[in-house]
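Just below is one structure, and these are the notes that go with it.
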Number of protein chains: 2
Amino acid sequence: MPRVYVVGAGPGDPELVTVRALRLIESADVLVYDRLIPMELLKRAKPNAELIYVGKEPGRHVMEQGEINNLLLRKALEGKLVVRLHGGDPFVFGRGFEECSFLISNGVECEVVPGVTSAIAAPEQFLIPILLRGVSSSLAIVTGREDPGKGFREVDFRRLATSVGTIIILMGASEACRIALELIQGGLSEATPVAIVTRAYMENSRVLFTALGELAKCQVTVENPSVIIVGRSVSLSPLYNTRNPVRH
Amino acid sequence: MPRVYVVGAGPGDPELVTVRALRLIESADVLVYDRLIPMELLKRAKPNAELIYVGKEPGRHVMEQGEINNLLLRKALEGKLVVRLHGGDPFVFGRGFEECSFLISNGVECEVVPGVTSAIAAPEQFLIPILLRGVSSSLAIVTGREDPGKGFREVDFRRLATSVGTIIILMGASEACRIALELIQGGLSEATPVAIVTRAYMENSRVLFTALGELAKCQVTVENPSVIIVGRSVSLSPLYNTRNPVRH
């Protein structure tokens, strides 16, 4: 039975891919890949492998999701070993599930190979605890993106504000200051520590520490791709206050 | 400067370790490892590497955390390449942060190598979506464990119930039915789909699908280690209703 592998490529460092993902990349006939994967991984493909870029950039899609689904199906039915490579983890704001679902309903097997998600890896690069006894026993991973169809954000940040110890926001760059405001309106103190990790595990990765009240003033520039971490435990990082001190 | 590597070993399958983690395992002089790591990985250590088990089992610790910290420090100061191997990811309910913090305050560098966490990988093994457009835009990862000192749970499940789309509970086996009850009291419907993934990516891994109301009746046995996934998107798994159908 034909099978497609829907594979996470990790947060950006080519060494943070799993052993299984690397083996599949090395044996793939067809590699269908995203924008935010470590491009060095493509060098590990077989010389005659077909490499197909289907990345989505803010506001511009090389290929619509329906076309990607059909591409995966067609190549699998041709008997090819198809690897669909997602940045991070394929089920954390990727479309891995939709792809698998479509393939299975068309008689093609789908195996998911999980990857390290930047949601969790980005804070680790800068030694920022996200769960810590006595400080934070729960975390939320959410999207900061607005629903393009509906014109509003998909997550109720006011409600989320005090429900978990740590809030990790992906794709929140352009909405960061409005999200910060909503978290304050939801009950978080303006002094709540925030870390903004940009380009985690890629070249020129960096962290900026600030406070929720500062972020809410819309004077902190957040670049893409960034992971925003909000919560008390952030200030326990050994790098807090030694790097990029908060400006007042 | 001496340095310790605090490394995630992934959810259980030895192939789901990262390439970087595997390289560090292969070059370590001292490997300090947990209970839930894939034991096959230890075979990749150098023949003369020192392997030290410091696993914690419910109710029984081979070594207290303070002793583990001191062990890591001592070995690093001896000039050894020390790798501290955690199951899953070292910052997701591991003590990786405390270890790094202790080492840094004692003049030893600490590098975290993120791993695939079972919180996200376990649902993927059984094609269970955790984030899905139009269904769930946020997830929480929480512990079901009671605080041993305080005798109550660290997470307010009533408050969490309707704050995120998907709730993923680790270490919740013994408390599962009380947690389910609290989630219902917090506003979730008894019909909310639940998946219980046991021994993800290990031998004899399995999934049980049920509903929150069923789980709250304390008639579903949840074994250790399990990941419990609660939320509407669970029922969209292609395996839902085809495997372990809900008993009424």
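Just remember, in the structure tokens the first chain shown is A, the second B, etc., residues are 1-based per chain, and ligands are 1-based in the order shown.
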
May I have a table of the residues of chain B lying at most 6 Å from chain A, giving each one's closest pair of atoms and their distance in Å to one decimal, counting only C-alpha atoms, ordered by chain and ascending residue number, as CSV?
residue,atom,partner,partner_atom,distance
B:Glu15,CA,A:Arg20,CA,5.0
B:Leu16,CA,A:Thr18,CA,5.2
B:Val17,CA,A:Thr18,CA,5.3
B:Thr18,CA,A:Thr18,CA,4.0
B:Val19,CA,A:Glu15,CA,5.2
B:Arg20,CA,A:Glu15,CA,5.0
B:Pro114,CA,A:Ala121,CA,5.5
B:Gly115,CA,A:Val116,CA,5.9
B:Val116,CA,A:Val116,CA,4.8
B:Ala121,CA,A:Pro114,CA,5.6
B:Ser138,CA,A:Val142,CA,4.4
B:Leu139,CA,A:Ile141,CA,5.4
B:Ala140,CA,A:Ala140,CA,4.1
B:Ile141,CA,A:Leu139,CA,5.4
B:Val142,CA,A:Ser138,CA,4.4
B:Arg159,CA,A:Ser163,CA,5.9
B:Leu160,CA,A:Ser163,CA,5.3
B:Ser163,CA,A:Leu160,CA,5.3

Residues of the last selection are to be written out with N, CA and C atoms, as a PDB file, in the first residue's frame.
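File result_11.pdb, as written:
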ATOM      1  N   GLU B  15      14.624   5.965  17.464  1.00  0.00           N
ATOM      2  CA  GLU B  15      14.819   6.740  16.229  1.00  0.00           C
ATOM      3  C   GLU B  15      14.250   8.154  16.340  1.00  0.00           C
ATOM      4  N   LEU B  16      13.502   8.409  17.407  1.00  0.00           N
ATOM      5  CA  LEU B  16      12.929   9.753  17.565  1.00  0.00           C
ATOM      6  C   LEU B  16      13.790  10.646  18.459  1.00  0.00           C
ATOM      7  N   VAL B  17      15.035  10.249  18.619  1.00  0.00           N
ATOM      8  CA  VAL B  17      16.024  11.119  19.248  1.00  0.00           C
ATOM      9  C   VAL B  17      16.584  12.040  18.151  1.00  0.00           C
ATOM     10  N   THR B  18      17.064  13.219  18.519  1.00  0.00           N
ATOM     11  CA  THR B  18      17.637  14.086  17.483  1.00  0.00           C
ATOM     12  C   THR B  18      19.045  13.625  17.112  1.00  0.00           C
ATOM     13  N   VAL B  19      19.472  14.048  15.936  1.00  0.00           N
ATOM     14  CA  VAL B  19      20.821  13.736  15.464  1.00  0.00           C
ATOM     15  C   VAL B  19      21.853  14.280  16.461  1.00  0.00           C
ATOM     16  N   ARG B  20      21.606  15.480  16.951  1.00  0.00           N
ATOM     17  CA  ARG B  20      22.544  16.087  17.910  1.00  0.00           C
ATOM     18  C   ARG B  20      22.607  15.284  19.209  1.00  0.00           C
ATOM     19  N   PRO B 114      16.969  20.214  22.927  1.00  0.00           N
ATOM     20  CA  PRO B 114      15.546  19.888  23.042  1.00  0.00           C
ATOM     21  C   PRO B 114      15.241  18.511  22.458  1.00  0.00           C
ATOM     22  N   GLY B 115      14.187  17.908  22.951  1.00  0.00           N
ATOM     23  CA  GLY B 115      13.764  16.607  22.436  1.00  0.00           C
ATOM     24  C   GLY B 115      12.298  16.649  22.055  1.00  0.00           C
ATOM     25  N   VAL B 116      11.865  15.633  21.342  1.00  0.00           N
ATOM     26  CA  VAL B 116      10.448  15.516  20.998  1.00  0.00           C
ATOM     27  C   VAL B 116       9.708  15.127  22.278  1.00  0.00           C
ATOM     28  N   ALA B 121       3.912  14.233  20.636  1.00  0.00           N
ATOM     29  CA  ALA B 121       4.151  13.063  19.782  1.00  0.00           C
ATOM     30  C   ALA B 121       3.123  11.960  20.007  1.00  0.00           C
ATOM     31  N   SER B 138      -5.555  26.420  20.057  1.00  0.00           N
ATOM     32  CA  SER B 138      -4.701  26.530  21.238  1.00  0.00           C
ATOM     33  C   SER B 138      -4.702  25.204  21.975  1.00  0.00           C
ATOM     34  N   LEU B 139      -3.578  24.920  22.616  1.00  0.00           N
ATOM     35  CA  LEU B 139      -3.511  23.713  23.431  1.00  0.00           C
ATOM     36  C   LEU B 139      -2.809  24.032  24.729  1.00  0.00           C
ATOM     37  N   ALA B 140      -3.155  23.253  25.743  1.00  0.00           N
ATOM     38  CA  ALA B 140      -2.449  23.368  27.019  1.00  0.00           C
ATOM     39  C   ALA B 140      -1.776  22.036  27.311  1.00  0.00           C
ATOM     40  N   ILE B 141      -0.575  22.107  27.865  1.00  0.00           N
ATOM     41  CA  ILE B 141       0.129  20.922  28.350  1.00  0.00           C
ATOM     42  C   ILE B 141       0.236  21.078  29.861  1.00  0.00           C
ATOM     43  N   VAL B 142      -0.316  20.123  30.581  1.00  0.00           N
ATOM     44  CA  VAL B 142      -0.398  20.260  32.039  1.00  0.00           C
ATOM     45  C   VAL B 142      -0.023  18.947  32.722  1.00  0.00           C
ATOM     46  N   ARG B 159     -10.798  25.983  35.788  1.00  0.00           N
ATOM     47  CA  ARG B 159     -10.490  27.226  35.084  1.00  0.00           C
ATOM     48  C   ARG B 159      -9.962  26.963  33.674  1.00  0.00           C
ATOM     49  N   LEU B 160      -9.196  25.902  33.563  1.00  0.00           N
ATOM     50  CA  LEU B 160      -8.567  25.584  32.275  1.00  0.00           C
ATOM     51  C   LEU B 160      -9.600  25.097  31.254  1.00  0.00           C
ATOM     52  N   SER B 163     -10.660  27.337  28.407  1.00  0.00           N
ATOM     53  CA  SER B 163      -9.711  28.390  28.027  1.00  0.00           C
ATOM     54  C   SER B 163      -8.910  28.049  26.776  1.00  0.00           C
TER      55      SER B 163
END

With only C-alpha atoms as the counted atoms, please give the residues lying no more than 6 Å from Gly12 in chain A, apart from itself and same-chain residues fewer than 4 positions off, as a PDB file with N, CA and C atoms, in the first residue's frame.
ATOM      1  N   PRO A  38      15.240  23.540   7.875  1.00  0.00           N
ATOM      2  CA  PRO A  38      16.671  23.797   7.663  1.00  0.00           C
ATOM      3  C   PRO A  38      17.052  23.328   6.257  1.00  0.00           C
ATOM      4  N   TYR A 201      17.425  28.774  16.889  1.00  0.00           N
ATOM      5  CA  TYR A 201      18.239  27.723  16.291  1.00  0.00           C
ATOM      6  C   TYR A 201      18.578  27.965  14.829  1.00  0.00           C
ATOM      7  N   MET A 202      18.344  29.211  14.364  1.00  0.00           N
ATOM      8  CA  MET A 202      18.811  29.554  13.020  1.00  0.00           C
ATOM      9  C   MET A 202      19.950  30.556  13.191  1.00  0.00           C
TER      10      MET A 202
END

Can you tell me which residues surround Val207 in chain B at a distance of at most 7 Å, considering only C-alpha atoms, apart from same-chain residues fewer than 4 positions away, and format the answer as number ranges by chain?
B: 195-198

Keeping N, CA and C atoms for every residue in the selection just given, could you write it to a file as a short mmCIF file (atom, residue, chain, number, x, y, z; two decimals), in the first residue's frame?
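The resulting file, again34.cif, is reproduced below:
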data_model
loop_
_atom_site.label_atom_id
_atom_site.label_comp_id
_atom_site.auth_asym_id
_atom_site.auth_seq_id
_atom_site.Cartn_x
_atom_site.Cartn_y
_atom_site.Cartn_z
N ALA B 195 -8.85 11.03 24.19
CA ALA B 195 -7.98 9.92 23.78
C ALA B 195 -6.97 9.68 24.88
N ILE B 196 -6.76 8.42 25.19
CA ILE B 196 -5.74 8.06 26.17
C ILE B 196 -4.68 7.23 25.44
N VAL B 197 -3.51 7.82 25.27
CA VAL B 197 -2.43 7.12 24.57
C VAL B 197 -1.46 6.59 25.62
N THR B 198 -1.28 5.29 25.63
CA THR B 198 -0.44 4.64 26.64
C THR B 198 0.82 4.08 25.98
#

Compile the contact shell of range 82-86 of chain A as a VMD selection string: residues with an atom at most 9 Å away, counting only C-alpha atoms, same-chain residues fewer than 5 positions apart removed.
chain A and resid 3 to 10 21 24 to 25 27 to 37 72 75 to 76 94 to 96 115

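Counting from CA of Leu212 in chain A, the distance to CA of Ile179 in chain A is 9.5 Å.
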
CA of Lys217 in chain B to CA of Glu190 in chain B, distance in Å rounded to a single decimal:
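Separating CA of Lys217 in chain B from CA of Glu190 in chain B is a distance of 10.6 Å.
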
Smallest atom-to-atom distance to Asn69 in chain A: which of A:Val54, A:Ile184, A:Leu170, A:Cys177, using only C-alpha atoms?
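Checking each candidate against Asn69 in chain A, we get A:Val54 as the closest.
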
Using backbone DSSP assignments, extract all strand (DSSP E) residues from range 66-177 of chain B; output them as an mmCIF file with all heavy atoms, in the first residue's frame.
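Result file follows (out-v9.cif):
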data_model
loop_
_atom_site.group_PDB
_atom_site.id
_atom_site.type_symbol
_atom_site.label_atom_id
_atom_site.label_comp_id
_atom_site.auth_asym_id
_atom_site.auth_seq_id
_atom_site.Cartn_x
_atom_site.Cartn_y
_atom_site.Cartn_z
ATOM 1 N N VAL B 82 29.917 15.322 29.949
ATOM 2 C CA VAL B 82 28.769 14.806 30.683
ATOM 3 C C VAL B 82 27.484 15.058 29.886
ATOM 4 O O VAL B 82 27.207 16.198 29.488
ATOM 5 C CB VAL B 82 28.647 15.484 32.067
ATOM 6 C CG1 VAL B 82 27.464 14.909 32.841
ATOM 7 C CG2 VAL B 82 29.942 15.325 32.855
ATOM 8 N N VAL B 83 26.717 13.997 29.650
ATOM 9 C CA VAL B 83 25.413 14.109 28.994
ATOM 10 C C VAL B 83 24.345 13.641 29.975
ATOM 11 O O VAL B 83 24.398 12.523 30.490
ATOM 12 C CB VAL B 83 25.365 13.275 27.694
ATOM 13 C CG1 VAL B 83 23.948 13.225 27.131
ATOM 14 C CG2 VAL B 83 26.322 13.864 26.665
ATOM 15 N N ARG B 84 23.409 14.527 30.255
ATOM 16 C CA ARG B 84 22.295 14.211 31.148
ATOM 17 C C ARG B 84 21.070 13.972 30.268
ATOM 18 O O ARG B 84 20.573 14.890 29.622
ATOM 19 C CB ARG B 84 22.055 15.394 32.090
ATOM 20 C CG ARG B 84 20.754 15.359 32.868
ATOM 21 C CD ARG B 84 20.744 14.240 33.884
ATOM 22 N NE ARG B 84 19.605 14.353 34.775
ATOM 23 C CZ ARG B 84 18.608 13.469 34.805
ATOM 24 N NH1 ARG B 84 18.610 12.432 33.991
ATOM 25 N NH2 ARG B 84 17.622 13.632 35.650
ATOM 26 N N LEU B 85 20.620 12.709 30.221
ATOM 27 C CA LEU B 85 19.598 12.302 29.270
ATOM 28 C C LEU B 85 18.239 12.210 29.961
ATOM 29 O O LEU B 85 18.044 11.422 30.886
ATOM 30 C CB LEU B 85 20.007 10.936 28.705
ATOM 31 C CG LEU B 85 19.569 10.542 27.318
ATOM 32 C CD1 LEU B 85 19.914 11.598 26.286
ATOM 33 C CD2 LEU B 85 20.212 9.208 26.950
ATOM 34 N N HIS B 86 17.296 13.050 29.481
ATOM 35 C CA HIS B 86 15.933 13.059 30.012
ATOM 36 C C HIS B 86 14.998 12.383 29.011
ATOM 37 O O HIS B 86 15.148 12.558 27.798
ATOM 38 C CB HIS B 86 15.439 14.497 30.182
ATOM 39 C CG HIS B 86 16.061 15.238 31.319
ATOM 40 N ND1 HIS B 86 15.469 15.322 32.547
ATOM 41 C CD2 HIS B 86 17.222 15.918 31.421
ATOM 42 C CE1 HIS B 86 16.236 16.037 33.361
ATOM 43 N NE2 HIS B 86 17.316 16.410 32.699
ATOM 44 N N GLU B 109 29.171 25.489 32.302
ATOM 45 C CA GLU B 109 28.225 25.816 31.231
ATOM 46 C C GLU B 109 27.195 24.708 31.073
ATOM 47 O O GLU B 109 27.465 23.541 31.371
ATOM 48 C CB GLU B 109 28.975 26.001 29.909
ATOM 49 C CG GLU B 109 29.708 27.314 29.843
ATOM 50 C CD GLU B 109 30.327 27.550 28.469
ATOM 51 O OE1 GLU B 109 30.112 26.724 27.552
ATOM 52 O OE2 GLU B 109 31.030 28.566 28.321
ATOM 53 N N CYS B 110 26.034 25.097 30.594
ATOM 54 C CA CYS B 110 24.990 24.105 30.379
ATOM 55 C C CYS B 110 24.330 24.372 29.038
ATOM 56 O O CYS B 110 23.933 25.498 28.749
ATOM 57 C CB CYS B 110 23.946 24.202 31.496
ATOM 58 S SG CYS B 110 22.690 22.925 31.385
ATOM 59 N N GLU B 111 24.241 23.353 28.215
ATOM 60 C CA GLU B 111 23.543 23.495 26.937
ATOM 61 C C GLU B 111 22.370 22.535 26.912
ATOM 62 O O GLU B 111 22.509 21.353 27.218
ATOM 63 C CB GLU B 111 24.489 23.191 25.773
ATOM 64 C CG GLU B 111 23.785 23.357 24.432
ATOM 65 C CD GLU B 111 24.678 23.063 23.232
ATOM 66 O OE1 GLU B 111 25.887 23.382 23.280
ATOM 67 O OE2 GLU B 111 24.154 22.498 22.255
ATOM 68 N N VAL B 112 21.217 23.066 26.555
ATOM 69 C CA VAL B 112 20.022 22.234 26.478
ATOM 70 C C VAL B 112 19.839 21.764 25.040
ATOM 71 O O VAL B 112 19.899 22.568 24.110
ATOM 72 C CB VAL B 112 18.772 23.028 26.910
ATOM 73 C CG1 VAL B 112 17.536 22.151 26.843
ATOM 74 C CG2 VAL B 112 18.953 23.574 28.315
ATOM 75 N N VAL B 113 19.635 20.481 24.854
ATOM 76 C CA VAL B 113 19.309 19.949 23.533
ATOM 77 C C VAL B 113 17.858 19.483 23.587
ATOM 78 O O VAL B 113 17.541 18.490 24.249
ATOM 79 C CB VAL B 113 20.244 18.783 23.149
ATOM 80 C CG1 VAL B 113 19.863 18.223 21.781
ATOM 81 C CG2 VAL B 113 21.694 19.255 23.161
ATOM 82 N N SER B 138 -5.555 26.420 20.057
ATOM 83 C CA SER B 138 -4.701 26.530 21.238
ATOM 84 C C SER B 138 -4.702 25.204 21.975
ATOM 85 O O SER B 138 -5.681 24.455 21.937
ATOM 86 C CB SER B 138 -5.224 27.632 22.169
ATOM 87 O OG SER B 138 -6.572 27.381 22.506
ATOM 88 N N LEU B 139 -3.578 24.920 22.616
ATOM 89 C CA LEU B 139 -3.511 23.713 23.431
ATOM 90 C C LEU B 139 -2.809 24.032 24.729
ATOM 91 O O LEU B 139 -1.996 24.957 24.811
ATOM 92 C CB LEU B 139 -2.812 22.574 22.680
ATOM 93 C CG LEU B 139 -1.336 22.692 22.320
ATOM 94 C CD1 LEU B 139 -0.439 22.334 23.499
ATOM 95 C CD2 LEU B 139 -1.010 21.735 21.178
ATOM 96 N N ALA B 140 -3.155 23.253 25.743
ATOM 97 C CA ALA B 140 -2.449 23.368 27.019
ATOM 98 C C ALA B 140 -1.776 22.036 27.311
ATOM 99 O O ALA B 140 -2.328 20.972 27.017
ATOM 100 C CB ALA B 140 -3.414 23.732 28.134
ATOM 101 N N ILE B 141 -0.575 22.107 27.865
ATOM 102 C CA ILE B 141 0.129 20.922 28.350
ATOM 103 C C ILE B 141 0.236 21.078 29.861
ATOM 104 O O ILE B 141 0.785 22.081 30.347
ATOM 105 C CB ILE B 141 1.524 20.790 27.713
ATOM 106 C CG1 ILE B 141 1.400 20.664 26.186
ATOM 107 C CG2 ILE B 141 2.281 19.604 28.297
ATOM 108 C CD1 ILE B 141 2.746 20.665 25.452
ATOM 109 N N VAL B 142 -0.316 20.123 30.581
ATOM 110 C CA VAL B 142 -0.398 20.260 32.039
ATOM 111 C C VAL B 142 -0.023 18.947 32.722
ATOM 112 O O VAL B 142 -0.039 17.883 32.111
ATOM 113 C CB VAL B 142 -1.826 20.662 32.483
ATOM 114 C CG1 VAL B 142 -2.270 21.949 31.792
ATOM 115 C CG2 VAL B 142 -2.825 19.558 32.168
ATOM 116 N N THR B 143 0.290 19.045 33.981
ATOM 117 C CA THR B 143 0.549 17.841 34.770
ATOM 118 C C THR B 143 -0.713 17.457 35.539
ATOM 119 O O THR B 143 -1.425 18.323 36.047
ATOM 120 C CB THR B 143 1.718 18.040 35.745
ATOM 121 O OG1 THR B 143 1.795 16.900 36.608
ATOM 122 C CG2 THR B 143 1.539 19.270 36.636
ATOM 123 N N THR B 166 -7.611 22.399 23.170
ATOM 124 C CA THR B 166 -7.186 21.027 23.448
ATOM 125 C C THR B 166 -6.372 21.001 24.738
ATOM 126 O O THR B 166 -5.494 21.852 24.932
ATOM 127 C CB THR B 166 -6.311 20.479 22.288
ATOM 128 O OG1 THR B 166 -7.045 20.623 21.066
ATOM 129 C CG2 THR B 166 -5.951 19.019 22.499
ATOM 130 N N ILE B 167 -6.679 20.056 25.606
ATOM 131 C CA ILE B 167 -5.947 19.926 26.865
ATOM 132 C C ILE B 167 -5.189 18.601 26.832
ATOM 133 O O ILE B 167 -5.790 17.547 26.602
ATOM 134 C CB ILE B 167 -6.904 19.968 28.067
ATOM 135 C CG1 ILE B 167 -7.653 21.310 28.085
ATOM 136 C CG2 ILE B 167 -6.152 19.756 29.382
ATOM 137 C CD1 ILE B 167 -8.802 21.354 29.079
ATOM 138 N N ILE B 168 -3.876 18.679 27.047
ATOM 139 C CA ILE B 168 -3.030 17.489 27.021
ATOM 140 C C ILE B 168 -2.466 17.299 28.426
ATOM 141 O O ILE B 168 -1.779 18.177 28.952
ATOM 142 C CB ILE B 168 -1.893 17.646 25.988
ATOM 143 C CG1 ILE B 168 -2.504 17.821 24.589
ATOM 144 C CG2 ILE B 168 -0.946 16.453 26.033
ATOM 145 C CD1 ILE B 168 -1.493 18.178 23.511
ATOM 146 N N ILE B 169 -2.785 16.146 29.019
ATOM 147 C CA ILE B 169 -2.421 15.916 30.417
ATOM 148 C C ILE B 169 -1.342 14.835 30.490
ATOM 149 O O ILE B 169 -1.522 13.722 30.002
ATOM 150 C CB ILE B 169 -3.661 15.472 31.227
ATOM 151 C CG1 ILE B 169 -4.775 16.523 31.088
ATOM 152 C CG2 ILE B 169 -3.299 15.239 32.697
ATOM 153 C CD1 ILE B 169 -6.172 15.957 31.291
ATOM 154 N N LEU B 170 -0.217 15.179 31.095
ATOM 155 C CA LEU B 170 0.846 14.206 31.342
ATOM 156 C C LEU B 170 0.769 13.781 32.810
ATOM 157 O O LEU B 170 0.342 14.554 33.661
ATOM 158 C CB LEU B 170 2.218 14.822 31.058
ATOM 159 C CG LEU B 170 2.449 15.349 29.638
ATOM 160 C CD1 LEU B 170 3.895 15.815 29.490
ATOM 161 C CD2 LEU B 170 2.162 14.273 28.609
#

In Å to one decimal, how far is CA of Thr210 in chain A from CA of Arg232 in chain A?
11.9 Å

Might you pull out every residue within 7 Å of Arg199 in chain B, with only C-alpha atoms counted and same-chain residues fewer than 5 positions away left off, and present them as an NGL selection string?
:B and (204-206 or 225-226)

Excluding same-chain residues fewer than 4 positions from Cys218 in chain B, what lies within 10 Å of it counting only C-alpha atoms, as an MDAnalysis selection string?
chainID B and resid 175:178 180:181 213:214 222

Using the selection just defined, write its residues with C-alpha atoms as an mmCIF file, in the first residue's frame.
data_model
loop_
_atom_site.group_PDB
_atom_site.id
_atom_site.type_symbol
_atom_site.label_atom_id
_atom_site.label_comp_id
_atom_site.auth_asym_id
_atom_site.auth_seq_id
_atom_site.Cartn_x
_atom_site.Cartn_y
_atom_site.Cartn_z
ATOM 1 C CA GLU B 175 -6.000 11.217 38.847
ATOM 2 C CA ALA B 176 -7.717 10.877 35.468
ATOM 3 C CA CYS B 177 -11.278 10.479 36.645
ATOM 4 C CA ARG B 178 -11.137 13.331 39.125
ATOM 5 C CA ALA B 180 -12.353 14.655 34.056
ATOM 6 C CA LEU B 181 -14.928 15.589 36.667
ATOM 7 C CA GLY B 213 -18.330 11.835 30.977
ATOM 8 C CA GLU B 214 -17.200 8.207 30.774
ATOM 9 C CA VAL B 222 -5.449 4.573 32.795
#

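Within range 96-155 of chain B, DSSP applied to the backbone places the following residues in helix (DSSP H, G or I): Gly96, Phe97, Glu98, Glu99, Cys100, Ser101, Phe102, Leu103, Ile104, Ser105, Ser118, Ala119, Ile120, Ala121, Ala122, Pro123, Glu124 and Gln125 of chain B.
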